[in-house]
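Since the structure comes first, as structure tokens, the remarks are kept for the end.
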Amino acid sequence: MARSFGRRFRDQGNETDGTRSGAAFGPLTAYWVSGDPQIARRTPPVGRRPPNRLKLCMQIDGEATVRQNGHPVHILPGQMALYDTRHPYDLRFDRRWSCIVLAFPHGALSLPDNVLRQAMRQAHSFCEGPGAVLADFVAAAMEQRTSVGTSAGRLGEAGLHLIAGALGTTGQDGEEALADAQRLQVLGYIREHLADPVLTHDRVAAVHRMAPRSLHRLFEREPHTVTEYIRMRRLESIHRDLADPMLSHLSIARVASRWCFTSPAHLTRAFQARYGVSPSTVRRTGSPGTS
């Protein structure tokens, strides 16, 4: 455990035992983790960029408590909890335990920030409803991880949609819940129409019968504006297609045009700014770059 996650894994100053195995499914990584009673502590990063990932702990055996920003969430077997690796947190396991941890980029769920914050404040069941569908998917993906081949990335994207479905209700009432529902509707529309060259902020506003200024206000506290979100998702689609061996017969320009990038220079600048590598590097090596 210490070799995998560093010296944060301690139990009152003593080294503890544990096991870890995992598999990558494109943007989604799944780990099977088990161990003795211990405390895992994510300390603030020093001299480096903090990881930009969320983690979802699905408790199989034993119990756990994740504490972040002073708020504890107790996780029983059959429950899962979400936490943010950009900020310090503690994970406490009081007896022998096992869990599956799903890790993915912070923006990958396409959920409003308020929905994510609410999701982090409670445990969620994966024994019924959308959580059970997610659990079945994860179990099957882990079992078949050595045989999914080039489909791994698309399976990962399917997994992200299932996670969003399992966590995408806040349980709130009133105006904020209505605003979250509107944001979810807008984000869903954007995902479904990314390849449409007329997809713009004003177009999204018109489809949802809003003034452009009202749509801007709806997203003013979110990490990305509607225009930024469209651009980000199109870049992610280009990255996915360039790394897909089944699409290697398509030129970079053809892949880019599918997602409404018609200028090679514009694509290269935007792509390098987001991933730290050029489109040709991803096409040549399948390198994930950074996110």
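Here, A, B, ... name the chains of the structure tokens in the order displayed, residue numbers run from 1 inside each chain, and ligands are numbered from 1 in the same displayed order.
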Practice task
Going by DSSP on the backbone, which bits of range 97-281 of chain A are helix (DSSP H, G or I)? Write them as JSON, numbers by chain, please.
Solution key: {"A": [113, 114, 115, 116, 117, 118, 119, 129, 130, 131, 132, 133, 134, 135, 136, 137, 138, 139, 140, 141, 142, 143, 149, 150, 151, 152, 153, 154, 155, 156, 157, 158, 159, 160, 161, 162, 163, 164, 165, 166, 167, 175, 176, 177, 178, 179, 180, 181, 182, 183, 184, 185, 186, 187, 188, 189, 190, 191, 192, 201, 202, 203, 204, 205, 206, 207, 212, 213, 214, 215, 216, 217, 218, 226, 227, 228, 229, 230, 231, 232, 233, 234, 235, 236, 237, 238, 239, 240, 241, 242, 243, 245, 246, 247, 252, 253, 254, 255, 256, 257, 258, 264, 265, 266, 267, 268, 269, 270, 271, 272, 273, 274, 275, 279, 280, 281]}
Problem - Residue neighbourhood Ala164 in chain A, 12 Å, only C-alpha atoms, exclusion window fewer than 5 positions, as a PyMOL selection string - result: chain A and resi 56+82+104+106-112+115-116+119+130-131+133-134+157-159+169-170+184+187-188
Exercise for the section: Measure the distance from CA of Ile252 in chain A to CA of Arg53 in chain A in Å and round it to one decimal. Expected result: 27.9 Å
Exercise for the section: For Ala205 in chain A, work out the shell of residues within 12 Å, counting only C-alpha atoms and skipping chain neighbours fewer than 4 positions away, then give it as a list of chain:residue names. Expected result: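 Once the nearby chain positions are removed, what remains is A:Gln182, A:Arg183, A:Gln185, A:Val186, A:Leu187, A:Tyr189, A:Ile190, A:Leu199, A:Thr200, A:His201, A:Arg209, A:Met210, A:Ala211, A:Pro212, A:Arg213, A:Ser214, A:Leu215, A:His216, A:Arg217, A:Leu218, A:Phe219, A:Val226, A:Thr227.
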